[in-house]
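A.B. asks: Dropping in final.cif, which is mmCIF, N, CA and C atoms:
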data_coords
loop_
_atom_site.label_atom_id
_atom_site.label_comp_id
_atom_site.auth_asym_id
_atom_site.auth_seq_id
_atom_site.Cartn_x
_atom_site.Cartn_y
_atom_site.Cartn_z
N MET O 201 5.15 -34.00 39.96
CA MET O 201 3.94 -33.44 39.42
C MET O 201 4.14 -32.00 38.98
N THR O 202 4.91 -31.24 39.73
CA THR O 202 5.12 -29.85 39.35
C THR O 202 5.94 -29.74 38.08
N ASP O 203 6.85 -30.67 37.83
CA ASP O 203 7.62 -30.64 36.59
C ASP O 203 6.69 -30.81 35.39
N CYS O 204 5.73 -31.67 35.52
CA CYS O 204 4.77 -31.91 34.44
C CYS O 204 3.93 -30.65 34.21
N CYS O 205 3.49 -30.02 35.27
CA CYS O 205 2.69 -28.80 35.15
C CYS O 205 3.52 -27.66 34.56
N THR O 206 4.76 -27.58 34.96
CA THR O 206 5.64 -26.54 34.44
C THR O 206 5.86 -26.73 32.95
N ILE O 207 6.08 -27.96 32.54
CA ILE O 207 6.30 -28.25 31.12
C ILE O 207 5.04 -27.93 30.33
N LEU O 208 3.88 -28.31 30.83
CA LEU O 208 2.62 -28.04 30.15
C LEU O 208 2.37 -26.53 30.04
N THR O 209 2.68 -25.82 31.10
CA THR O 209 2.50 -24.37 31.10
C THR O 209 3.40 -23.72 30.06
N ARG O 210 4.66 -24.18 30.00
CA ARG O 210 5.59 -23.63 29.03
C ARG O 210 5.15 -23.96 27.60
N LEU O 211 4.65 -25.16 27.38
CA LEU O 211 4.18 -25.53 26.06
C LEU O 211 2.97 -24.70 25.65
N LEU O 212 2.07 -24.47 26.60
CA LEU O 212 0.91 -23.64 26.33
C LEU O 212 1.33 -22.22 25.98
N PHE O 213 2.26 -21.69 26.75
CA PHE O 213 2.76 -20.34 26.49
C PHE O 213 3.41 -20.29 25.11
N LEU O 214 4.20 -21.30 24.78
CA LEU O 214 4.87 -21.35 23.48
C LEU O 214 3.85 -21.42 22.34
N GLU O 215 2.80 -22.21 22.54
CA GLU O 215 1.76 -22.33 21.52
C GLU O 215 1.07 -20.99 21.29
N ILE O 216 0.74 -20.29 22.36
CA ILE O 216 0.08 -18.98 22.25
C ILE O 216 1.01 -17.99 21.56
N PHE O 217 2.28 -18.01 21.96
CA PHE O 217 3.26 -17.10 21.36
C PHE O 217 3.41 -17.36 19.87
N MET O 218 3.48 -18.61 19.48
CA MET O 218 3.63 -18.96 18.07
C MET O 218 2.41 -18.52 17.26
N LYS O 219 1.21 -18.70 17.82
CA LYS O 219 0.00 -18.25 17.13
C LYS O 219 0.02 -16.74 16.93
N GLN O 220 0.42 -16.02 17.95
CA GLN O 220 0.49 -14.57 17.84
C GLN O 220 1.53 -14.15 16.81
N LEU O 221 2.64 -14.85 16.78
CA LEU O 221 3.68 -14.56 15.81
C LEU O 221 3.19 -14.79 14.39
N VAL O 222 2.49 -15.88 14.17
CA VAL O 222 1.96 -16.18 12.84
C VAL O 222 0.92 -15.15 12.43
N ILE O 223 0.02 -14.81 13.34
CA ILE O 223 -1.02 -13.82 13.05
C ILE O 223 -0.38 -12.46 12.75
N GLY O 224 0.60 -12.08 13.53
CA GLY O 224 1.29 -10.81 13.29
C GLY O 224 1.99 -10.80 11.95
N SER O 225 2.62 -11.90 11.59
CA SER O 225 3.29 -12.00 10.29
C SER O 225 2.30 -11.89 9.15
N LEU O 226 1.15 -12.54 9.30
CA LEU O 226 0.12 -12.46 8.26
C LEU O 226 -0.40 -11.04 8.09
N ILE O 227 -0.61 -10.37 9.19
CA ILE O 227 -1.10 -8.99 9.13
C ILE O 227 -0.08 -8.10 8.42
N MET O 228 1.19 -8.28 8.74
CA MET O 228 2.23 -7.48 8.09
C MET O 228 2.31 -7.80 6.60
N SER O 229 2.14 -9.05 6.24
CA SER O 229 2.17 -9.44 4.82
C SER O 229 1.02 -8.81 4.06
N PHE O 230 -0.18 -8.86 4.64
CA PHE O 230 -1.33 -8.26 3.99
C PHE O 230 -1.17 -6.75 3.87
N ALA O 231 -0.58 -6.13 4.88
CA ALA O 231 -0.36 -4.69 4.82
C ALA O 231 0.62 -4.34 3.70
N ALA O 232 1.64 -5.16 3.55
CA ALA O 232 2.62 -4.92 2.47
C ALA O 232 1.96 -5.08 1.11
N ILE O 233 1.13 -6.10 0.97
CA ILE O 233 0.43 -6.32 -0.29
C ILE O 233 -0.53 -5.17 -0.58
N ALA O 234 -1.23 -4.73 0.44
CA ALA O 234 -2.19 -3.64 0.26
C ALA O 234 -1.47 -2.35 -0.14
N SER O 235 -0.34 -2.07 0.46
CA SER O 235 0.37 -0.84 0.12
C SER O 235 0.94 -0.91 -1.29
N ALA O 236 1.25 -2.09 -1.77
CA ALA O 236 1.76 -2.23 -3.13
C ALA O 236 0.69 -1.88 -4.15
N HIS O 237 -0.56 -2.05 -3.78
CA HIS O 237 -1.65 -1.72 -4.68
C HIS O 237 -2.20 -0.33 -4.42
N GLY O 238 -1.63 0.38 -3.49
CA GLY O 238 -2.08 1.73 -3.18
C GLY O 238 -1.41 2.74 -4.08
N CYS O 239 -0.74 3.68 -3.49
CA CYS O 239 -0.13 4.79 -4.23
C CYS O 239 0.81 4.31 -5.35
N PRO O 240 1.76 3.42 -5.07
CA PRO O 240 2.67 2.99 -6.14
C PRO O 240 1.94 2.34 -7.32
N GLY O 241 0.91 1.57 -7.02
CA GLY O 241 0.14 0.94 -8.09
C GLY O 241 -0.59 1.97 -8.94
N GLU O 242 -1.11 2.99 -8.30
CA GLU O 242 -1.78 4.07 -9.03
C GLU O 242 -0.79 4.83 -9.91
N MET O 243 0.40 5.08 -9.36
CA MET O 243 1.43 5.78 -10.14
C MET O 243 1.84 4.95 -11.35
N ARG O 244 1.98 3.64 -11.18
CA ARG O 244 2.33 2.78 -12.31
C ARG O 244 1.25 2.81 -13.39
N ALA O 245 -0.01 2.81 -12.96
CA ALA O 245 -1.11 2.87 -13.93
C ALA O 245 -1.07 4.17 -14.73
N ILE O 246 -0.79 5.26 -14.06
CA ILE O 246 -0.70 6.55 -14.74
C ILE O 246 0.50 6.55 -15.70
N ASP O 247 1.64 6.07 -15.21
CA ASP O 247 2.85 6.04 -16.04
C ASP O 247 2.65 5.19 -17.29
N ALA O 248 1.88 4.13 -17.18
CA ALA O 248 1.64 3.25 -18.33
C ALA O 248 0.74 3.92 -19.36
N LYS O 249 -0.16 4.75 -18.91
CA LYS O 249 -1.14 5.37 -19.82
C LYS O 249 -0.62 6.66 -20.47
N VAL O 250 0.24 7.40 -19.78
CA VAL O 250 0.69 8.71 -20.27
C VAL O 250 1.28 8.66 -21.68
N PRO O 251 2.16 7.72 -22.01
CA PRO O 251 2.77 7.75 -23.35
C PRO O 251 1.77 7.61 -24.51
N THR O 252 0.66 6.94 -24.27
CA THR O 252 -0.31 6.72 -25.35
C THR O 252 -1.56 7.59 -25.25
N ALA O 253 -1.61 8.43 -24.23
CA ALA O 253 -2.80 9.25 -24.01
C ALA O 253 -2.89 10.36 -25.06
N GLN O 254 -4.10 10.57 -25.55
CA GLN O 254 -4.37 11.64 -26.51
C GLN O 254 -5.11 12.76 -25.77
N LEU O 255 -4.34 13.65 -25.17
CA LEU O 255 -4.92 14.75 -24.39
C LEU O 255 -4.37 16.08 -24.89
N PRO O 256 -5.14 17.14 -24.72
CA PRO O 256 -4.59 18.48 -24.99
C PRO O 256 -3.39 18.73 -24.07
N ALA O 257 -2.50 19.58 -24.52
CA ALA O 257 -1.26 19.85 -23.77
C ALA O 257 -1.55 20.31 -22.34
N ALA O 258 -2.57 21.14 -22.17
CA ALA O 258 -2.90 21.65 -20.84
C ALA O 258 -3.33 20.51 -19.91
N ASP O 259 -4.14 19.59 -20.43
CA ASP O 259 -4.59 18.45 -19.62
C ASP O 259 -3.43 17.52 -19.29
N MET O 260 -2.54 17.30 -20.28
CA MET O 260 -1.38 16.43 -20.04
C MET O 260 -0.47 17.04 -18.98
N ALA O 261 -0.31 18.36 -19.03
CA ALA O 261 0.50 19.04 -18.02
C ALA O 261 -0.13 18.88 -16.64
N LYS O 262 -1.45 18.96 -16.58
CA LYS O 262 -2.14 18.79 -15.30
C LYS O 262 -1.99 17.36 -14.79
N VAL O 263 -2.08 16.38 -15.69
CA VAL O 263 -1.90 14.97 -15.30
C VAL O 263 -0.50 14.77 -14.71
N LYS O 264 0.50 15.31 -15.39
CA LYS O 264 1.88 15.15 -14.92
C LYS O 264 2.09 15.85 -13.57
N ALA O 265 1.48 17.02 -13.41
CA ALA O 265 1.60 17.74 -12.14
C ALA O 265 0.91 16.97 -11.01
N LEU O 266 -0.27 16.41 -11.29
CA LEU O 266 -0.98 15.63 -10.28
C LEU O 266 -0.21 14.35 -9.94
N ARG O 267 0.40 13.74 -10.94
CA ARG O 267 1.20 12.53 -10.72
C ARG O 267 2.39 12.86 -9.81
N ALA O 268 3.06 13.97 -10.09
CA ALA O 268 4.20 14.39 -9.27
C ALA O 268 3.76 14.74 -7.85
N GLU O 269 2.63 15.42 -7.75
CA GLU O 269 2.09 15.76 -6.42
C GLU O 269 1.75 14.49 -5.64
N GLY O 270 1.14 13.52 -6.32
CA GLY O 270 0.81 12.26 -5.67
C GLY O 270 2.03 11.54 -5.15
N GLU O 271 3.10 11.54 -5.93
CA GLU O 271 4.34 10.90 -5.49
C GLU O 271 4.95 11.63 -4.29
N ARG O 272 4.93 12.95 -4.35
CA ARG O 272 5.47 13.75 -3.24
C ARG O 272 4.69 13.48 -1.95
N LEU O 273 3.37 13.49 -2.06
CA LEU O 273 2.53 13.24 -0.88
C LEU O 273 2.75 11.82 -0.35
N HIS O 274 2.91 10.87 -1.26
CA HIS O 274 3.17 9.48 -0.85
C HIS O 274 4.47 9.41 -0.05
N LYS O 275 5.51 10.06 -0.54
CA LYS O 275 6.80 10.05 0.16
C LYS O 275 6.72 10.74 1.52
N GLU O 276 5.81 11.69 1.65
CA GLU O 276 5.62 12.39 2.92
C GLU O 276 4.72 11.60 3.88
N GLY O 277 4.19 10.47 3.40
CA GLY O 277 3.33 9.65 4.24
C GLY O 277 1.88 10.07 4.24
N LYS O 278 1.52 10.96 3.37
CA LYS O 278 0.13 11.45 3.28
C LYS O 278 -0.59 10.66 2.19
N HIS O 279 -0.88 9.40 2.49
CA HIS O 279 -1.38 8.48 1.48
C HIS O 279 -2.80 8.80 1.00
N ALA O 280 -3.65 9.24 1.88
CA ALA O 280 -5.02 9.57 1.46
C ALA O 280 -5.00 10.74 0.49
N GLU O 281 -4.20 11.76 0.78
CA GLU O 281 -4.09 12.91 -0.11
C GLU O 281 -3.44 12.51 -1.42
N SER O 282 -2.44 11.62 -1.33
CA SER O 282 -1.77 11.13 -2.52
C SER O 282 -2.75 10.40 -3.43
N MET O 283 -3.56 9.53 -2.84
CA MET O 283 -4.53 8.77 -3.62
C MET O 283 -5.54 9.70 -4.29
N LYS O 284 -5.90 10.78 -3.62
CA LYS O 284 -6.85 11.74 -4.19
C LYS O 284 -6.25 12.40 -5.43
N ALA O 285 -5.00 12.84 -5.33
CA ALA O 285 -4.34 13.49 -6.47
C ALA O 285 -4.17 12.49 -7.62
N LEU O 286 -3.77 11.27 -7.30
CA LEU O 286 -3.57 10.26 -8.33
C LEU O 286 -4.89 9.87 -8.99
N ALA O 287 -5.96 9.82 -8.21
CA ALA O 287 -7.27 9.50 -8.77
C ALA O 287 -7.72 10.58 -9.75
N GLU O 288 -7.43 11.82 -9.43
CA GLU O 288 -7.79 12.92 -10.33
C GLU O 288 -7.00 12.82 -11.64
N ALA O 289 -5.71 12.46 -11.52
CA ALA O 289 -4.90 12.28 -12.73
C ALA O 289 -5.44 11.12 -13.58
N LYS O 290 -5.81 10.04 -12.92
CA LYS O 290 -6.36 8.89 -13.65
C LYS O 290 -7.68 9.26 -14.33
N LYS O 291 -8.46 10.07 -13.68
CA LYS O 291 -9.75 10.49 -14.25
C LYS O 291 -9.51 11.29 -15.54
N LEU O 292 -8.55 12.18 -15.50
CA LEU O 292 -8.22 12.97 -16.69
C LEU O 292 -7.72 12.06 -17.83
N LEU O 293 -7.00 11.01 -17.46
CA LEU O 293 -6.46 10.07 -18.45
C LEU O 293 -7.52 9.09 -18.95
N GLY O 294 -8.61 8.97 -18.22
CA GLY O 294 -9.63 8.01 -18.57
C GLY O 294 -9.28 6.59 -18.17
N VAL O 295 -8.49 6.47 -17.15
CA VAL O 295 -8.07 5.15 -16.64
C VAL O 295 -9.06 4.68 -15.59
#
Starting from the file, give its structure as structure tokens.

C.D. replies:
Amino acid sequence: MTDCCTILTRLLFLEIFMKQLVIGSLIMSFAAIASAHGCPGEMRAIDAKVPTAQLPAADMAKVKALRAEGERLHKEGKHAESMKALAEAKKLLGV
């Protein structure tokens, strides 16, 4: 009888572990997808618009400076600040 209980206990533990593993994997996948649409996605949008943008030289210089600042902040792990700088650049570009 104890062998049966031991096997059932191990199976239950394995089932719980597998569920946690799947849930953890899903969370990590969603986080990766979300980060792909964060700072890097904003930078790509700016990069796509810059070549065709019709802006005064001063505004274009500001856009490029904000884009560079956003990338720097992103690399430093300051994503909220990066998104703020990139949003300002996008606003100037009309994106």

A.B. asks: Please determine, counting only C-alpha atoms, which residue among O:Leu226, O:Met243, O:Ala289, O:Ile216 has the shortest atom-to-atom distance to Ala261 in chain O.

C.D. replies: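 Closest to Ala261 in chain O, using only C-alpha atoms: O:Ala289.
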
A.B. asks: By how many Å are atom C of His274 in chain O and CA of Leu292 in chain O apart?

C.D. replies: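 Separation of atom C of His274 in chain O and CA of Leu292 in chain O: 21.2 Å.
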
A.B. asks: Could you state which residues are captured by the PyMOL selection byres (((chain O and resi 288 and name CA) around 12) and name CA) in this file, as a list in words?

C.D. replies: Glu242, Met243, Ile246, Asp259, Lys262, Val263, Lys264, Ala265, Leu266, Arg267, Glu269, Gly270, Glu281, Ser282, Met283, Lys284, Ala285, Leu286, Ala287, Ala289, Lys290, Lys291, Leu292, Leu293, Gly294 and Val295 of chain O

A.B. asks: Could you save those same residues with N, CA and C atoms as a PDB file, keeping the file's coordinate frame?

C.D. replies:
ATOM      1  N   GLU O 242      -1.110   2.990  -8.300  1.00  0.00           N
ATOM      2  CA  GLU O 242      -1.780   4.070  -9.030  1.00  0.00           C
ATOM      3  C   GLU O 242      -0.790   4.830  -9.910  1.00  0.00           C
ATOM      4  N   MET O 243       0.400   5.080  -9.360  1.00  0.00           N
ATOM      5  CA  MET O 243       1.430   5.780 -10.140  1.00  0.00           C
ATOM      6  C   MET O 243       1.840   4.950 -11.350  1.00  0.00           C
ATOM      7  N   ILE O 246      -0.790   5.260 -14.060  1.00  0.00           N
ATOM      8  CA  ILE O 246      -0.700   6.550 -14.740  1.00  0.00           C
ATOM      9  C   ILE O 246       0.500   6.550 -15.700  1.00  0.00           C
ATOM     10  N   ASP O 259      -4.140  19.590 -20.430  1.00  0.00           N
ATOM     11  CA  ASP O 259      -4.590  18.450 -19.620  1.00  0.00           C
ATOM     12  C   ASP O 259      -3.430  17.520 -19.290  1.00  0.00           C
ATOM     13  N   LYS O 262      -1.450  18.960 -16.580  1.00  0.00           N
ATOM     14  CA  LYS O 262      -2.140  18.790 -15.300  1.00  0.00           C
ATOM     15  C   LYS O 262      -1.990  17.360 -14.790  1.00  0.00           C
ATOM     16  N   VAL O 263      -2.080  16.380 -15.690  1.00  0.00           N
ATOM     17  CA  VAL O 263      -1.900  14.970 -15.300  1.00  0.00           C
ATOM     18  C   VAL O 263      -0.500  14.770 -14.710  1.00  0.00           C
ATOM     19  N   LYS O 264       0.500  15.310 -15.390  1.00  0.00           N
ATOM     20  CA  LYS O 264       1.880  15.150 -14.920  1.00  0.00           C
ATOM     21  C   LYS O 264       2.090  15.850 -13.570  1.00  0.00           C
ATOM     22  N   ALA O 265       1.480  17.020 -13.410  1.00  0.00           N
ATOM     23  CA  ALA O 265       1.600  17.740 -12.140  1.00  0.00           C
ATOM     24  C   ALA O 265       0.910  16.970 -11.010  1.00  0.00           C
ATOM     25  N   LEU O 266      -0.270  16.410 -11.290  1.00  0.00           N
ATOM     26  CA  LEU O 266      -0.980  15.630 -10.280  1.00  0.00           C
ATOM     27  C   LEU O 266      -0.210  14.350  -9.940  1.00  0.00           C
ATOM     28  N   ARG O 267       0.400  13.740 -10.940  1.00  0.00           N
ATOM     29  CA  ARG O 267       1.200  12.530 -10.720  1.00  0.00           C
ATOM     30  C   ARG O 267       2.390  12.860  -9.810  1.00  0.00           C
ATOM     31  N   GLU O 269       2.630  15.420  -7.750  1.00  0.00           N
ATOM     32  CA  GLU O 269       2.090  15.760  -6.420  1.00  0.00           C
ATOM     33  C   GLU O 269       1.750  14.490  -5.640  1.00  0.00           C
ATOM     34  N   GLY O 270       1.140  13.520  -6.320  1.00  0.00           N
ATOM     35  CA  GLY O 270       0.810  12.260  -5.670  1.00  0.00           C
ATOM     36  C   GLY O 270       2.030  11.540  -5.150  1.00  0.00           C
ATOM     37  N   GLU O 281      -4.200  11.760   0.780  1.00  0.00           N
ATOM     38  CA  GLU O 281      -4.090  12.910  -0.110  1.00  0.00           C
ATOM     39  C   GLU O 281      -3.440  12.510  -1.420  1.00  0.00           C
ATOM     40  N   SER O 282      -2.440  11.620  -1.330  1.00  0.00           N
ATOM     41  CA  SER O 282      -1.770  11.130  -2.520  1.00  0.00           C
ATOM     42  C   SER O 282      -2.750  10.400  -3.430  1.00  0.00           C
ATOM     43  N   MET O 283      -3.560   9.530  -2.840  1.00  0.00           N
ATOM     44  CA  MET O 283      -4.530   8.770  -3.620  1.00  0.00           C
ATOM     45  C   MET O 283      -5.540   9.700  -4.290  1.00  0.00           C
ATOM     46  N   LYS O 284      -5.900  10.780  -3.620  1.00  0.00           N
ATOM     47  CA  LYS O 284      -6.850  11.740  -4.190  1.00  0.00           C
ATOM     48  C   LYS O 284      -6.250  12.400  -5.430  1.00  0.00           C
ATOM     49  N   ALA O 285      -5.000  12.840  -5.330  1.00  0.00           N
ATOM     50  CA  ALA O 285      -4.340  13.490  -6.470  1.00  0.00           C
ATOM     51  C   ALA O 285      -4.170  12.490  -7.620  1.00  0.00           C
ATOM     52  N   LEU O 286      -3.770  11.270  -7.300  1.00  0.00           N
ATOM     53  CA  LEU O 286      -3.570  10.260  -8.330  1.00  0.00           C
ATOM     54  C   LEU O 286      -4.890   9.870  -8.990  1.00  0.00           C
ATOM     55  N   ALA O 287      -5.960   9.820  -8.210  1.00  0.00           N
ATOM     56  CA  ALA O 287      -7.270   9.500  -8.770  1.00  0.00           C
ATOM     57  C   ALA O 287      -7.720  10.580  -9.750  1.00  0.00           C
ATOM     58  N   ALA O 289      -5.710  12.460 -11.520  1.00  0.00           N
ATOM     59  CA  ALA O 289      -4.900  12.280 -12.730  1.00  0.00           C
ATOM     60  C   ALA O 289      -5.440  11.120 -13.580  1.00  0.00           C
ATOM     61  N   LYS O 290      -5.810  10.040 -12.920  1.00  0.00           N
ATOM     62  CA  LYS O 290      -6.360   8.890 -13.650  1.00  0.00           C
ATOM     63  C   LYS O 290      -7.680   9.260 -14.330  1.00  0.00           C
ATOM     64  N   LYS O 291      -8.460  10.070 -13.680  1.00  0.00           N
ATOM     65  CA  LYS O 291      -9.750  10.490 -14.250  1.00  0.00           C
ATOM     66  C   LYS O 291      -9.510  11.290 -15.540  1.00  0.00           C
ATOM     67  N   LEU O 292      -8.550  12.180 -15.500  1.00  0.00           N
ATOM     68  CA  LEU O 292      -8.220  12.970 -16.690  1.00  0.00           C
ATOM     69  C   LEU O 292      -7.720  12.060 -17.830  1.00  0.00           C
ATOM     70  N   LEU O 293      -7.000  11.010 -17.460  1.00  0.00           N
ATOM     71  CA  LEU O 293      -6.460  10.070 -18.450  1.00  0.00           C
ATOM     72  C   LEU O 293      -7.520   9.090 -18.950  1.00  0.00           C
ATOM     73  N   GLY O 294      -8.610   8.970 -18.220  1.00  0.00           N
ATOM     74  CA  GLY O 294      -9.630   8.010 -18.570  1.00  0.00           C
ATOM     75  C   GLY O 294      -9.280   6.590 -18.170  1.00  0.00           C
ATOM     76  N   VAL O 295      -8.490   6.470 -17.150  1.00  0.00           N
ATOM     77  CA  VAL O 295      -8.070   5.150 -16.640  1.00  0.00           C
ATOM     78  C   VAL O 295      -9.060   4.680 -15.590  1.00  0.00           C
TER      79      VAL O 295
END

A.B. asks: Calculate how many Å separate CA of Arg244 in chain O from atom N of Ala268 in chain O, rounding to one decimal.

C.D. replies: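 Rounded to one decimal, the two atoms are 11.4 Å apart.
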
A.B. asks: Rank O:Ala257, O:Lys249, O:Gly224, O:Cys239 by their smallest atom-to-atom distance to His279 in chain O, using only C-alpha atoms, and report the top residue only.

C.D. replies: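 Selected residue with least distance to His279 in chain O: O:Cys239.
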
A.B. asks: What is the atom C of Glu271 in chain O-atom C of Ala248 in chain O distance in Å, reported with one decimal?

C.D. replies: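 Going from atom C of Glu271 in chain O over to atom C of Ala248 in chain O, I get 17.4 Å.
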
A.B. asks: Quick check for you: according to DSSP on this backbone, which residues of chain O are classed as alpha helix (DSSP H)? Reply as a PyMOL selection string.

C.D. replies: chain O and resi 202-236+239-249+257-275+279-293
